[in-house]
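S.K.: This is the content of upload.tsv (TSV, C-alpha atoms and all ligand atoms):
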```
chain	number	residue	atom	x	y	z
A	19	MET	CA	-14.24	-23.95	13.92
A	20	LEU	CA	-11.60	-25.32	16.29
A	21	ALA	CA	-14.02	-25.73	19.18
A	22	GLY	CA	-16.15	-27.92	16.93
A	23	ASP	CA	-19.38	-25.98	17.23
A	24	ALA	CA	-19.27	-24.63	13.65
A	25	GLY	CA	-20.17	-26.49	10.49
A	26	PRO	CA	-17.52	-27.77	8.11
A	27	ASP	CA	-17.88	-24.85	5.70
A	28	ALA	CA	-15.57	-21.86	5.80
A	29	PRO	CA	-17.16	-18.73	7.28
A	30	TYR	CA	-16.49	-16.37	4.37
A	31	LEU	CA	-17.16	-12.67	4.83
A	32	ARG	CA	-18.42	-12.42	1.29
A	33	ASP	CA	-19.30	-15.16	-1.17
A	34	PRO	CA	-16.02	-15.80	-3.04
A	35	GLY	CA	-17.99	-16.46	-6.22
A	36	ASP	CA	-20.80	-14.00	-6.84
A	37	GLY	CA	-20.18	-11.67	-3.88
A	38	PHE	CA	-17.39	-9.70	-5.56
A	39	ALA	CA	-18.87	-9.59	-9.05
A	40	ALA	CA	-22.02	-8.09	-7.48
A	41	ILE	CA	-20.05	-5.04	-6.34
A	42	ASP	CA	-18.06	-4.88	-9.59
A	43	VAL	CA	-14.74	-6.04	-8.09
A	44	ASP	CA	-12.34	-7.87	-10.38
A	45	LEU	CA	-11.17	-10.52	-7.90
A	46	ARG	CA	-7.99	-12.42	-8.79
A	47	PRO	CA	-7.77	-15.25	-6.28
A	48	GLY	CA	-4.50	-17.17	-6.04
A	49	MET	CA	-2.54	-14.22	-7.48
A	50	ARG	CA	0.36	-12.80	-5.47
A	51	ALA	CA	1.61	-9.25	-5.74
A	52	THR	CA	5.41	-9.52	-5.92
A	53	GLY	CA	6.51	-5.92	-6.36
A	54	LEU	CA	5.49	-2.29	-6.65
A	55	ASP	CA	6.76	0.24	-9.16
A	56	LEU	CA	5.96	3.62	-7.64
A	57	HIS	CA	7.33	5.59	-10.57
A	58	ARG	CA	5.16	3.85	-13.21
A	59	ARG	CA	2.31	3.27	-10.75
A	60	GLU	CA	2.14	-0.46	-11.38
A	61	VAL	CA	1.78	-3.52	-9.17
A	62	GLU	CA	3.91	-6.47	-10.29
A	63	LEU	CA	2.24	-9.88	-10.10
A	64	ALA	CA	3.66	-13.39	-9.85
A	65	GLY	CA	4.25	-14.59	-13.40
A	66	GLY	CA	5.46	-11.17	-14.53
A	67	SER	CA	2.26	-9.29	-15.47
A	68	ARG	CA	1.59	-5.80	-14.13
A	69	VAL	CA	-1.55	-3.97	-13.00
A	70	PRO	CA	-1.55	-0.18	-13.43
A	71	TYR	CA	-3.25	1.93	-10.79
A	72	ASN	CA	-4.37	5.48	-10.07
A	73	GLY	CA	-4.87	4.64	-6.40
A	74	LEU	CA	-3.51	1.65	-4.46
A	75	ILE	CA	-4.53	0.31	-1.06
A	76	VAL	CA	-2.08	-2.12	0.51
A	77	ALA	CA	-4.02	-4.59	2.68
A	78	THR	CA	-1.76	-7.65	2.70
A	79	GLY	CA	-2.23	-8.28	6.42
A	80	ALA	CA	0.31	-10.15	8.49
A	81	ALA	CA	1.76	-13.64	8.68
A	82	PRO	CA	2.75	-15.74	11.71
A	83	ARG	CA	6.30	-15.21	12.92
A	84	PRO	CA	8.26	-18.45	12.83
A	85	LEU	CA	9.83	-19.70	16.05
A	86	PRO	CA	13.57	-19.90	15.35
A	87	GLY	CA	14.88	-23.46	15.40
A	88	THR	CA	11.53	-25.13	14.63
A	89	PRO	CA	12.30	-28.38	12.78
A	90	ALA	CA	10.27	-29.71	9.83
A	91	LEU	CA	8.31	-32.27	11.87
A	92	GLU	CA	4.70	-33.15	11.17
A	93	GLY	CA	2.21	-31.97	13.75
A	94	ILE	CA	3.70	-28.46	14.19
A	95	HIS	CA	1.34	-25.73	13.02
A	96	VAL	CA	0.74	-22.00	12.94
A	97	LEU	CA	-2.78	-20.53	12.71
A	98	ARG	CA	-3.64	-17.85	10.20
A	99	THR	CA	-5.37	-19.35	7.19
A	100	LEU	CA	-8.35	-21.64	6.73
A	101	ASP	CA	-5.97	-24.47	5.73
A	102	ASP	CA	-4.02	-23.97	8.99
A	103	CYS	CA	-7.30	-24.16	10.89
A	104	LEU	CA	-8.51	-27.31	9.14
A	105	ALA	CA	-5.18	-29.07	9.77
A	106	ILE	CA	-5.33	-28.22	13.48
A	107	ARG	CA	-8.97	-29.24	13.66
A	108	ALA	CA	-8.16	-32.63	12.12
A	109	GLY	CA	-5.56	-33.16	14.85
A	110	LEU	CA	-8.02	-32.21	17.58
A	111	GLU	CA	-10.64	-34.55	16.14
A	112	GLY	CA	-8.03	-37.31	16.34
A	113	GLY	CA	-7.74	-36.68	20.11
A	114	ALA	CA	-4.28	-35.12	20.02
A	115	ARG	CA	-2.18	-34.23	23.06
A	116	VAL	CA	-1.79	-30.51	22.46
A	117	ALA	CA	0.93	-28.01	23.30
A	118	VAL	CA	0.56	-24.34	22.41
A	119	ILE	CA	3.63	-22.12	22.30
A	120	GLY	CA	2.83	-18.48	23.05
A	121	ALA	CA	0.02	-17.28	25.31
A	122	GLY	CA	-1.15	-14.29	23.28
A	123	PHE	CA	-4.74	-14.19	22.03
A	124	ILE	CA	-4.25	-16.81	19.29
A	125	GLY	CA	-2.53	-19.26	21.63
A	126	ALA	CA	-5.04	-18.66	24.44
A	127	GLU	CA	-8.00	-19.23	22.10
A	128	VAL	CA	-6.50	-22.43	20.68
A	129	ALA	CA	-6.00	-23.67	24.25
A	130	ALA	CA	-9.61	-22.76	25.13
A	131	SER	CA	-10.98	-24.58	22.05
A	132	THR	CA	-8.88	-27.63	22.95
A	133	ARG	CA	-10.27	-27.69	26.49
A	134	GLU	CA	-13.81	-27.29	25.16
A	135	ARG	CA	-13.25	-30.58	23.35
A	136	GLY	CA	-12.14	-32.13	26.64
A	137	LEU	CA	-8.54	-32.58	25.48
A	138	GLU	CA	-5.40	-31.92	27.53
A	139	VAL	CA	-3.43	-28.81	26.63
A	140	THR	CA	-0.18	-27.26	27.80
A	141	LEU	CA	0.16	-23.53	27.17
A	142	ILE	CA	3.81	-22.40	27.16
A	143	GLU	CA	4.71	-18.71	27.57
A	144	ALA	CA	8.15	-17.09	27.85
A	145	LEU	CA	6.89	-14.13	29.93
A	146	PRO	CA	5.73	-14.48	33.55
A	147	VAL	CA	1.99	-14.22	32.68
A	148	PRO	CA	-0.16	-14.67	29.54
A	149	LEU	CA	-1.46	-11.84	27.31
A	150	VAL	CA	1.04	-9.24	28.52
A	151	ARG	CA	1.24	-7.53	25.13
A	152	GLY	CA	-2.53	-7.11	24.87
A	153	LEU	CA	-3.63	-6.59	28.48
A	154	GLY	CA	-0.51	-5.87	30.56
A	155	PRO	CA	0.85	-7.92	33.48
A	156	THR	CA	-1.92	-7.32	36.07
A	157	MET	CA	-4.79	-8.42	33.90
A	158	GLY	CA	-2.62	-11.09	32.26
A	159	ALA	CA	-2.51	-12.63	35.74
A	160	ALA	CA	-6.33	-12.52	35.90
A	161	CYS	CA	-6.42	-14.48	32.64
A	162	ALA	CA	-3.91	-16.98	34.03
A	163	GLY	CA	-6.42	-17.70	36.81
A	164	LEU	CA	-9.18	-18.25	34.24
A	165	TYR	CA	-7.04	-20.69	32.25
A	166	THR	CA	-5.87	-22.81	35.13
A	167	ALA	CA	-9.43	-22.92	36.54
A	168	HIS	CA	-10.44	-24.52	33.23
A	169	GLY	CA	-7.75	-27.17	33.32
A	170	VAL	CA	-5.07	-25.63	31.11
A	171	SER	CA	-1.55	-26.63	32.14
A	172	LEU	CA	-0.02	-23.14	32.02
A	173	ARG	CA	3.78	-22.99	31.92
A	174	CYS	CA	4.96	-19.36	32.12
A	175	GLY	CA	8.54	-18.09	32.27
A	176	VAL	CA	9.88	-20.95	30.13
A	177	THR	CA	10.87	-21.32	26.49
A	178	VAL	CA	11.15	-24.31	24.17
A	179	ASP	CA	14.72	-25.58	23.83
A	180	ALA	CA	14.01	-28.47	21.46
A	181	PHE	CA	11.31	-30.30	19.51
A	182	GLU	CA	11.76	-34.08	19.60
A	183	GLY	CA	10.27	-36.79	17.39
A	184	ALA	CA	10.99	-38.92	14.35
A	185	GLY	CA	9.09	-37.53	11.39
A	186	ARG	CA	6.31	-36.35	13.69
A	187	VAL	CA	6.58	-34.22	16.82
A	188	GLU	CA	6.39	-36.23	20.06
A	189	ARG	CA	7.84	-34.07	22.80
A	190	LEU	CA	9.01	-30.55	23.68
A	191	ARG	CA	12.04	-29.92	25.88
A	192	LEU	CA	11.65	-26.75	27.93
A	193	SER	CA	14.29	-24.36	29.22
A	194	ASP	CA	13.71	-25.41	32.86
A	195	GLY	CA	14.75	-28.99	32.03
A	196	SER	CA	11.20	-30.37	31.96
A	197	SER	CA	9.48	-31.90	28.94
A	198	VAL	CA	5.93	-31.92	27.53
A	199	ASP	CA	4.55	-34.84	25.48
A	200	ALA	CA	2.61	-33.52	22.49
A	201	ASP	CA	1.64	-34.75	19.04
A	202	LEU	CA	-0.02	-31.46	18.02
A	203	VAL	CA	1.89	-28.22	18.55
A	204	VAL	CA	0.52	-24.80	17.67
A	205	VAL	CA	3.05	-21.97	17.52
A	206	GLY	CA	1.41	-18.62	18.26
A	207	VAL	CA	4.28	-16.22	18.89
A	208	GLY	CA	2.91	-13.21	17.04
A	209	VAL	CA	2.72	-12.00	13.47
A	210	ALA	CA	4.83	-9.84	11.18
A	211	PRO	CA	3.28	-7.47	8.62
A	212	GLU	CA	3.33	-8.81	5.02
A	213	THR	CA	5.63	-6.20	3.49
A	214	GLY	CA	8.28	-8.43	1.87
A	215	TRP	CA	6.85	-7.75	-1.59
A	216	LEU	CA	7.30	-3.98	-1.03
A	217	GLU	CA	10.89	-4.04	0.16
A	218	SER	CA	12.57	-2.83	-3.03
A	219	SER	CA	9.77	-0.36	-3.89
A	220	GLY	CA	11.08	2.62	-1.95
A	221	LEU	CA	7.87	2.88	0.09
A	222	GLU	CA	8.64	3.73	3.73
A	223	LEU	CA	8.35	0.54	5.81
A	224	ARG	CA	8.89	0.14	9.55
A	225	ASP	CA	7.15	-2.87	11.05
A	226	GLY	CA	4.38	-2.17	8.53
A	227	VAL	CA	3.62	0.39	5.83
A	228	VAL	CA	4.22	3.78	7.43
A	229	CYS	CA	1.20	6.08	6.92
A	230	ASP	CA	0.07	9.49	8.06
A	231	ALA	CA	-3.18	10.13	9.94
A	232	THR	CA	-5.24	9.76	6.73
A	233	CYS	CA	-3.78	6.26	6.00
A	234	ALA	CA	-1.64	7.73	3.18
A	235	ALA	CA	1.71	5.97	2.66
A	236	SER	CA	4.93	7.73	1.63
A	237	ALA	CA	4.15	7.76	-2.12
A	238	PRO	CA	1.35	9.59	-3.98
A	239	GLY	CA	-1.84	7.56	-4.42
A	240	VAL	CA	-0.74	4.76	-2.05
A	241	TYR	CA	-2.66	3.98	1.14
A	242	ALA	CA	-2.65	1.09	3.61
A	243	ALA	CA	-5.16	-0.53	5.97
A	244	GLY	CA	-5.45	-3.36	8.45
A	245	ASP	CA	-2.72	-5.47	10.04
A	246	VAL	CA	-0.11	-4.23	7.54
A	247	ALA	CA	-0.62	-0.49	8.22
A	248	ARG	CA	1.35	1.57	10.77
A	249	TRP	CA	-0.42	4.89	10.85
A	250	TYR	CA	-0.45	7.95	13.08
A	251	ASN	CA	-3.57	7.88	15.25
A	252	PRO	CA	-4.11	11.49	16.35
A	253	LEU	CA	-6.48	10.45	19.16
A	254	PHE	CA	-3.62	8.69	20.96
A	255	GLY	CA	-0.85	10.90	19.55
A	256	GLU	CA	1.21	7.91	18.42
A	257	GLN	CA	1.92	5.68	15.47
A	258	MET	CA	0.22	2.32	15.85
A	259	ARG	CA	-0.31	-0.93	14.01
A	260	VAL	CA	-3.43	-2.74	15.19
A	261	GLU	CA	-3.86	-6.47	14.63
A	262	HIS	CA	-7.61	-6.68	15.15
A	263	TRP	CA	-10.61	-7.39	13.05
A	264	THR	CA	-12.66	-4.24	13.73
A	265	ASN	CA	-9.71	-2.06	12.87
A	266	ALA	CA	-9.11	-3.87	9.58
A	267	ALA	CA	-12.73	-3.31	8.58
A	268	GLU	CA	-12.91	0.35	9.70
A	269	GLN	CA	-9.49	1.28	8.34
A	270	GLY	CA	-10.30	-0.29	4.98
A	271	VAL	CA	-13.23	2.12	4.72
A	272	ALA	CA	-11.11	5.05	5.94
A	273	ALA	CA	-8.26	4.37	3.48
A	274	ALA	CA	-10.72	4.11	0.58
A	275	ARG	CA	-12.36	7.39	1.60
A	276	SER	CA	-8.98	9.13	1.83
A	277	LEU	CA	-7.98	7.84	-1.59
A	278	LEU	CA	-11.21	9.04	-3.17
A	279	ALA	CA	-11.15	12.41	-1.39
A	280	GLY	CA	-7.54	13.16	-2.34
A	281	PRO	CA	-4.82	14.53	-0.03
A	282	ALA	CA	-6.34	17.99	0.43
A	283	ALA	CA	-9.76	16.77	1.63
A	284	ALA	CA	-8.80	13.49	3.36
A	285	LYS	CA	-9.82	13.20	7.03
A	286	PRO	CA	-7.76	11.63	9.83
A	287	PHE	CA	-8.56	8.09	10.93
A	288	ALA	CA	-8.71	8.38	14.74
A	289	PRO	CA	-10.47	5.33	16.21
A	290	VAL	CA	-10.45	3.87	19.70
A	291	PRO	CA	-8.98	0.40	19.02
A	292	PHE	CA	-11.29	-2.42	20.13
A	293	PHE	CA	-10.97	-6.17	20.33
A	294	TRP	CA	-12.72	-9.08	21.92
A	295	SER	CA	-11.99	-12.70	22.69
A	296	ASP	CA	-14.48	-15.35	23.82
A	297	GLN	CA	-12.87	-17.93	26.09
A	298	TYR	CA	-14.57	-20.48	28.40
A	299	GLY	CA	-17.86	-18.59	28.22
A	300	THR	CA	-16.13	-15.38	29.29
A	301	LYS	CA	-16.45	-12.39	26.99
A	302	ILE	CA	-13.15	-10.50	27.18
A	303	GLN	CA	-13.30	-7.04	25.57
A	304	PHE	CA	-10.71	-4.28	25.48
A	305	VAL	CA	-10.92	-0.71	24.22
A	306	GLY	CA	-7.90	1.58	23.84
A	307	ARG	CA	-4.22	0.82	23.93
A	308	SER	CA	-2.31	-0.73	26.82
A	309	ARG	CA	1.37	-0.71	27.75
A	310	PRO	CA	2.95	-2.88	30.45
A	311	GLU	CA	3.70	0.13	32.66
A	312	ASP	CA	0.11	1.50	32.70
A	313	GLU	CA	-1.72	1.99	36.00
A	314	VAL	CA	-4.55	-0.56	36.15
A	315	ARG	CA	-7.53	-0.27	38.48
A	316	VAL	CA	-10.60	-2.50	38.78
A	317	VAL	CA	-13.52	-0.06	39.07
A	318	HIS	CA	-16.58	-2.30	38.72
A	319	GLY	CA	-17.12	-5.89	39.90
A	320	SER	CA	-14.20	-8.10	40.86
A	321	VAL	CA	-11.66	-10.36	39.20
A	322	ASP	CA	-12.60	-13.19	41.58
A	323	ASP	CA	-16.24	-13.04	40.47
A	324	GLY	CA	-15.18	-13.22	36.81
A	325	ARG	CA	-17.16	-10.06	35.98
A	326	PHE	CA	-15.39	-6.72	36.12
A	327	VAL	CA	-14.24	-3.57	34.35
A	328	ALA	CA	-10.63	-2.36	34.79
A	329	LEU	CA	-9.31	1.02	33.66
A	330	TYR	CA	-5.84	1.69	32.25
A	331	GLY	CA	-4.21	5.08	32.87
A	332	ARG	CA	-0.99	6.74	31.73
A	333	ALA	CA	0.33	10.26	32.33
A	334	GLY	CA	-2.98	11.44	33.81
A	335	ARG	CA	-5.05	10.13	30.91
A	336	LEU	CA	-7.43	7.24	30.42
A	337	VAL	CA	-5.82	5.01	27.76
A	338	GLY	CA	-7.81	1.78	27.95
A	339	ALA	CA	-10.53	-0.27	29.58
A	340	LEU	CA	-10.95	-4.01	29.91
A	341	ALA	CA	-14.18	-5.88	30.65
A	342	PHE	CA	-14.85	-9.48	31.52
A	343	ASN	CA	-18.55	-10.21	30.82
A	344	TRP	CA	-19.67	-6.57	30.98
A	345	PRO	CA	-20.10	-5.28	27.40
A	346	ARG	CA	-22.66	-2.57	28.14
A	347	LEU	CA	-20.50	-0.89	30.76
A	348	LEU	CA	-17.35	-1.12	28.66
A	349	MET	CA	-18.87	0.92	25.86
A	350	GLN	CA	-19.23	3.89	28.22
A	351	TYR	CA	-15.46	3.93	28.60
A	352	ARG	CA	-15.03	3.69	24.84
A	353	GLY	CA	-16.96	6.98	24.75
A	354	LEU	CA	-14.65	8.52	27.37
A	355	LEU	CA	-11.58	7.35	25.40
A	356	ALA	CA	-13.00	8.88	22.21
A	357	ARG	CA	-13.04	12.29	23.87
A	358	SER	CA	-9.60	11.91	25.50
A	359	ALA	CA	-10.90	11.81	29.08
A	360	THR	CA	-8.45	12.30	31.94
A	361	TRP	CA	-7.75	9.51	34.44
A	362	ASP	CA	-9.51	11.48	37.22
A	363	GLU	CA	-12.59	11.98	35.04
A	364	ALA	CA	-12.78	8.26	34.26
A	365	VAL	CA	-12.33	7.23	37.90
A	366	ALA	CA	-15.02	9.73	38.96
A	367	HIS	CA	-17.35	8.35	36.28
A	368	ALA	CA	-16.80	4.84	37.68
A	369	ALA	CA	-17.32	6.01	41.28
A	370	ALA	CA	-20.68	7.48	40.23
A	371	GLY	CA	-21.73	3.97	39.17
A	372	GLY	CA	-20.69	4.06	35.50
A	401	LIG	C1	-7.07	-17.45	14.36
A	401	LIG	C2	-7.28	-15.96	14.44
A	401	LIG	C3	-8.22	-15.47	15.35
A	401	LIG	C4	-8.45	-14.11	15.45
A	401	LIG	N1	-9.37	-13.66	16.33
A	401	LIG	C5	-9.63	-12.35	16.42
A	401	LIG	C6	-10.61	-11.86	17.33
A	401	LIG	O1	-11.25	-12.63	18.03
A	401	LIG	N2	-10.83	-10.52	17.36
A	401	LIG	C7	-10.14	-9.64	16.59
A	401	LIG	O2	-10.37	-8.45	16.68
A	401	LIG	N3	-9.19	-10.07	15.72
A	401	LIG	C8	-8.91	-11.40	15.61
A	401	LIG	N4	-7.95	-11.85	14.74
A	401	LIG	C9	-7.19	-10.85	13.94
A	401	LIG	C10	-7.91	-10.49	12.66
A	401	LIG	O3	-8.28	-11.67	11.97
A	401	LIG	C11	-6.96	-9.66	11.78
A	401	LIG	O4	-6.67	-8.47	12.46
A	401	LIG	C12	-7.59	-9.32	10.44
A	401	LIG	O5	-7.83	-10.48	9.69
A	401	LIG	C13	-6.68	-8.39	9.63
A	401	LIG	O6	-7.28	-8.16	8.39
A	401	LIG	P1	-6.38	-7.72	7.16
A	401	LIG	O7	-7.33	-7.62	6.01
A	401	LIG	O8	-5.53	-6.57	7.51
A	401	LIG	O9	-5.35	-8.94	6.91
A	401	LIG	P2	-5.64	-10.47	6.52
A	401	LIG	O10	-6.95	-10.94	7.08
A	401	LIG	O11	-4.38	-11.19	6.88
A	401	LIG	O12	-5.78	-10.40	4.94
A	401	LIG	C14	-4.67	-10.13	4.11
A	401	LIG	C15	-4.86	-10.90	2.82
A	401	LIG	O13	-3.84	-10.51	1.91
A	401	LIG	C16	-3.33	-11.67	1.26
A	401	LIG	N5	-1.96	-11.38	0.84
A	401	LIG	C17	-0.85	-11.28	1.62
A	401	LIG	N6	0.24	-10.99	0.88
A	401	LIG	C18	-0.20	-10.90	-0.41
A	401	LIG	C19	0.44	-10.62	-1.65
A	401	LIG	N7	1.75	-10.35	-1.73
A	401	LIG	N8	-0.32	-10.60	-2.78
A	401	LIG	C20	-1.66	-10.84	-2.72
A	401	LIG	N9	-2.31	-11.13	-1.58
A	401	LIG	C21	-1.59	-11.15	-0.43
A	401	LIG	C22	-3.42	-12.76	2.31
A	401	LIG	O14	-3.41	-14.03	1.71
A	401	LIG	C23	-4.74	-12.40	2.99
A	401	LIG	O15	-5.82	-13.03	2.34
A	401	LIG	C24	-7.70	-13.20	14.63
A	401	LIG	C25	-6.75	-13.70	13.73
A	401	LIG	C26	-6.54	-15.07	13.63
A	401	LIG	C27	-5.50	-15.59	12.67
```
Represent the structure contained in this file as C-alpha cells.
Ligand SMILES: Cc1cc2nc3c(=O)[nH]c(=O)nc-3n(C[C@H](O)[C@H](O)[C@H](O)COP(=O)(O)OP(=O)(O)OC[C@H]3O[C@@H](n4cnc5c(N)ncnc54)[C@H](O)[C@@H]3O)c2cc1C

M.R.:
Amino acid sequence: MLAGDAGPDAPYLRDPGDGFAAIDVDLRPGMRATGLDLHRREVELAGGSRVPYNGLIVATGAAPRPLPGTPALEGIHVLRTLDDCLAIRAGLEGGARVAVIGAGFIGAEVAASTRERGLEVTLIEALPVPLVRGLGPTMGAACAGLYTAHGVSLRCGVTVDAFEGAGRVERLRLSDGSSVDADLVVVGVGVAPETGWLESSGLELRDGVVCDATCAASAPGVYAAGDVARWYNPLFGEQMRVEHWTNAAEQGVAAARSLLAGPAAAKPFAPVPFFWSDQYGTKIQFVGRSRPEDEVRVVHGSVDDGRFVALYGRAGRLVGALAFNWPRLLMQYRGLLARSATWDEAVAHAAAGG
C-alpha cells in the first residue's frame, strides 16, 4: 500500500462482515479487553462488561515502541495499523521529504517504498549497520549496500537529538551535529508486546505472555499466540517471541489445538521461524534465529551479485540461513534446521551443491 501499487482498499485477511459469521465467530470489533480475572475465568471489557471463558487465547499482538522525547508535531508517524499506513501514504502522495528513524524491517521497507515512488529518504539507525537484530552485523552490511545502491541516504551510528518545527515537523537534529530536513517522519524502533491489560491479572509476563512449549500460559485454560507470546521452542532449546506473520498464523493454530487437546495431550509447538521482506525487487528470506555473535558464511552465490545464501552457525549447530533471491535453495536449509543439523553437516550439504 505504501509503494502505491495496491488499490485503495484494505487487504483484509478475512471479510470483516460475513467472513467471521460464516465460521460462527462472535466478532466484537472496536471492543478492548481491559483486564483478566483468572480466578473467575472472565475477561473484562472496556465499559465494564465481562466475558466468561473455558479456554482463552491471548493474541493481542504488539504495538510500536515510542521514541522517548518525541514531541506532538504533525507529520511524525509509527506504522502498525491501517490508519497509520493511510496517513503515511497520504504524506507520500503529497511528495513529502521523508526521514525514517530505525533501520529494522519496518523502517527499511518504508524507505524502500518511498524510493519506489521516486522520493528522497533518509534512513537513520543508531547501530553501525541496518537490520542487526534480524540478520546480524555481517548481513546487515550487505543490506546497507543494497539501500545505498538504490539512493537511500543511510545514516548509521547516529541518534535523533531533537525534532524541530512549529506545529508540523520540519527538521531532525542528529547526535553528530548534522540535521535532516523532513516533513514526514516514520519512527520504526521496534514493538512491545500488548500485555498492559494483563498486568494486574497475575499471569506470568516477561516481554510477552510466558508460555510453555505447548503455548500454555501460567494459568489453567490460558494460551497465547503471535507477537504477544513468549514460548519455549524445544527445537532451539530457548524461549522466544517471534514478531513475524507466519509464526502468528501457525502459532494461532497450535495454541487452539493445545487448548482443545487439554494439558495431557497437547503437543509442543516447535517451528523453524521464517520471515521474508521484499525490497527493491530483492526477495530477502530468513529461516531460523540469528544472534549478533553467530558465525556467518556465504555458501552459494555472492553478496556482490545480489543473489546468495548465507548460513548462520552457533556452538557447532546450524541456527539460521538467509537468502537473497534464492527461495528454492533456502527451503533446503529450513529442512536441515528442522532436524537440528550440525554446522559441519550444513556446510557439507552446501559444498555438495545444495
Ligand atoms: C508494516 C508492517 C509490515 C510487516 N511486514 C511483515 C513481513 O513482511 N513479514 C512478516 O513475517 N511479518 C511482517 N510484519 C509482522 C506481522 O504483521 C506481525 O508479526 C503479525 O501481524 C502478528 O500477528 P498477531 O495476530 O500476533 O498481532 P497483531 O497483528 O498485532 O494483532 C493483534 C490484534 O489485537 C488487537 N488488540 C490489542 N490489544 C487489544 C486489547 N486489549 N483488546 C482487544 N484487542 C486488542 C489489536 O488491535 C490487533 O488487531 C509486519 C508488520 C507491520 C506492522

S.K.: Could you pull out the residues sitting within 6 Å of ligand LIG 401 (chain A), using all atoms listed in the file, and write them as a PDB file with C-alpha atoms, keeping the file's coordinate frame?

M.R.:
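And here's part36.pdb as it stands now:
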```pdb
ATOM      1  CA  MET A  49      -2.540 -14.220  -7.480  1.00  0.00           C
ATOM      2  CA  ARG A  50       0.360 -12.800  -5.470  1.00  0.00           C
ATOM      3  CA  ALA A  51       1.610  -9.250  -5.740  1.00  0.00           C
ATOM      4  CA  THR A  52       5.410  -9.520  -5.920  1.00  0.00           C
ATOM      5  CA  ALA A  77      -4.020  -4.590   2.680  1.00  0.00           C
ATOM      6  CA  THR A  78      -1.760  -7.650   2.700  1.00  0.00           C
ATOM      7  CA  GLY A  79      -2.230  -8.280   6.420  1.00  0.00           C
ATOM      8  CA  ALA A  80       0.310 -10.150   8.490  1.00  0.00           C
ATOM      9  CA  LEU A  97      -2.780 -20.530  12.710  1.00  0.00           C
ATOM     10  CA  ARG A  98      -3.640 -17.850  10.200  1.00  0.00           C
ATOM     11  CA  ILE A 124      -4.250 -16.810  19.290  1.00  0.00           C
ATOM     12  CA  GLU A 212       3.330  -8.810   5.020  1.00  0.00           C
ATOM     13  CA  TRP A 215       6.850  -7.750  -1.590  1.00  0.00           C
ATOM     14  CA  GLY A 244      -5.450  -3.360   8.450  1.00  0.00           C
ATOM     15  CA  ASP A 245      -2.720  -5.470  10.040  1.00  0.00           C
ATOM     16  CA  VAL A 246      -0.110  -4.230   7.540  1.00  0.00           C
ATOM     17  CA  GLU A 261      -3.860  -6.470  14.630  1.00  0.00           C
ATOM     18  CA  HIS A 262      -7.610  -6.680  15.150  1.00  0.00           C
ATOM     19  CA  TRP A 263     -10.610  -7.390  13.050  1.00  0.00           C
ATOM     20  CA  THR A 264     -12.660  -4.240  13.730  1.00  0.00           C
ATOM     21  CA  ALA A 266      -9.110  -3.870   9.580  1.00  0.00           C
ATOM     22  CA  PHE A 293     -10.970  -6.170  20.330  1.00  0.00           C
ATOM     23  CA  TRP A 294     -12.720  -9.080  21.920  1.00  0.00           C
ATOM     24  CA  SER A 295     -11.990 -12.700  22.690  1.00  0.00           C
TER      25      SER A 295
END
```

S.K.: Compile the contact shell of Ala144 in chain A as a ChimeraX atom specification: residues with an atom at most 12 Å away, counting all atoms listed in the file, same-chain residues fewer than 5 positions apart removed.

M.R.: /A:118-122,149-150,172-179,192-194,206-207

S.K.: How many Å separate CA of Val187 in chain A from CA of Ala105 in chain A?

M.R.: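 Distance between the two atoms: 14.6 Å.
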
S.K.: Given the choices A:Ala81, A:Glu60, A:Asp55, A:Val314, which gets closest to Ser218 in chain A if the distance is worked out from all atoms listed in the file?

M.R.: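 Among the listed residues, the smallest separation from Ser218 in chain A belongs to A:Asp55.
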
S.K.: Would you pick out the contacts of Tyr298 in chain A at 12 Å or less, using only C-alpha atoms, so that residues sharing its chain but fewer than 2 positions from it are not included, and give the list as a ChimeraX atom specification?

M.R.: /A:21,126-135,161,164-170,295-296,300-302,324,342-343

S.K.: Contacts of range 33-48 of chain A at 12 Å or less, counting all atoms listed in the file, minus same-chain residues fewer than 2 places along, as a list in words?

M.R.: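 In the requested format, the answer is Asp27, Ala28, Pro29, Tyr30, Leu31, Arg50, Ala51, Leu63, Ala64, Gly65 and Val69 of chain A.
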
S.K.: Using all atoms of range 223-226 of chain A that appear in the file, construct an axis-aligned enclosing box with 8 Å of padding on every side and provide its centre coordinates and edge lengths in Å, rounded to one decimal, as AutoDock Vina command-line options.

M.R.:
```
--center_x 6.6 --center_y -1.2 --center_z 8.4 --size_x 20.5 --size_y 19.4 --size_z 21.2
```

S.K.: How many Å lie between CA of Ala243 in chain A and CA of Ala273 in chain A, rounded to one decimal?

M.R.: 6.3 Å

S.K.: Counting all atoms listed in the file, which residues have an atom no more than 12 Å from (-18.3, 12.4, 33.7) in the file's coordinates? Please list them as a VMD selection string.

M.R.: chain A and resid 350 to 351 353 to 355 357 to 372

S.K.: What is the distance, in Å and to one decimal place, between CA of Gly299 in chain A and CA of Leu202 in chain A?

M.R.: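 Going from CA of Gly299 in chain A over to CA of Leu202 in chain A, I get 24.2 Å.
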
S.K.: When you count all atoms listed in the file, which of these residues is closest to Ala333 in chain A: A:His95, A:Arg83, A:Arg275, A:Arg309?

M.R.: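 Between A:His95, A:Arg83, A:Arg275, A:Arg309, the residue approaching Ala333 in chain A most closely is A:Arg309.
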
S.K.: Which residues are close to Asp201 in chain A, i.e. within 10 Å by all atoms listed in the file, leaving aside same-chain residues fewer than 2 positions away? Reply as a PyMOL selection string.

M.R.: chain A and resi 92-94+109+113-117+183+186-190+198-199+203

S.K.: Pick out the residues sitting within 9 Å of Thr88 in chain A, and hand them over as a PyMOL selection string; count all atoms listed in the file, and ignore anything fewer than 3 positions along from it in its own chain.

M.R.: chain A and resi 84-85+91+94+180-181

S.K.: Nearest to Leu221 in chain A among A:His57, A:Arg191, A:Arg151, A:Arg315, with distances taken over only C-alpha atoms: which residue is it?

M.R.: A:His57

S.K.: Using only C-alpha atoms, which of the listed residues (A:Val227, A:Leu340, A:Ala242, A:Val96) sits closest to Gly208 in chain A?

M.R.: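 The answer is A:Val96, which sits nearest to Gly208 in chain A.
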
S.K.: Which protein, DNA or RNA residues are at most 7 Å from (-7.9, 5.9, 28.0) in the file's coordinates when you count only C-alpha atoms, listed as a PyMOL selection string?

M.R.: chain A and resi 306+330-331+335-339+355+358-359
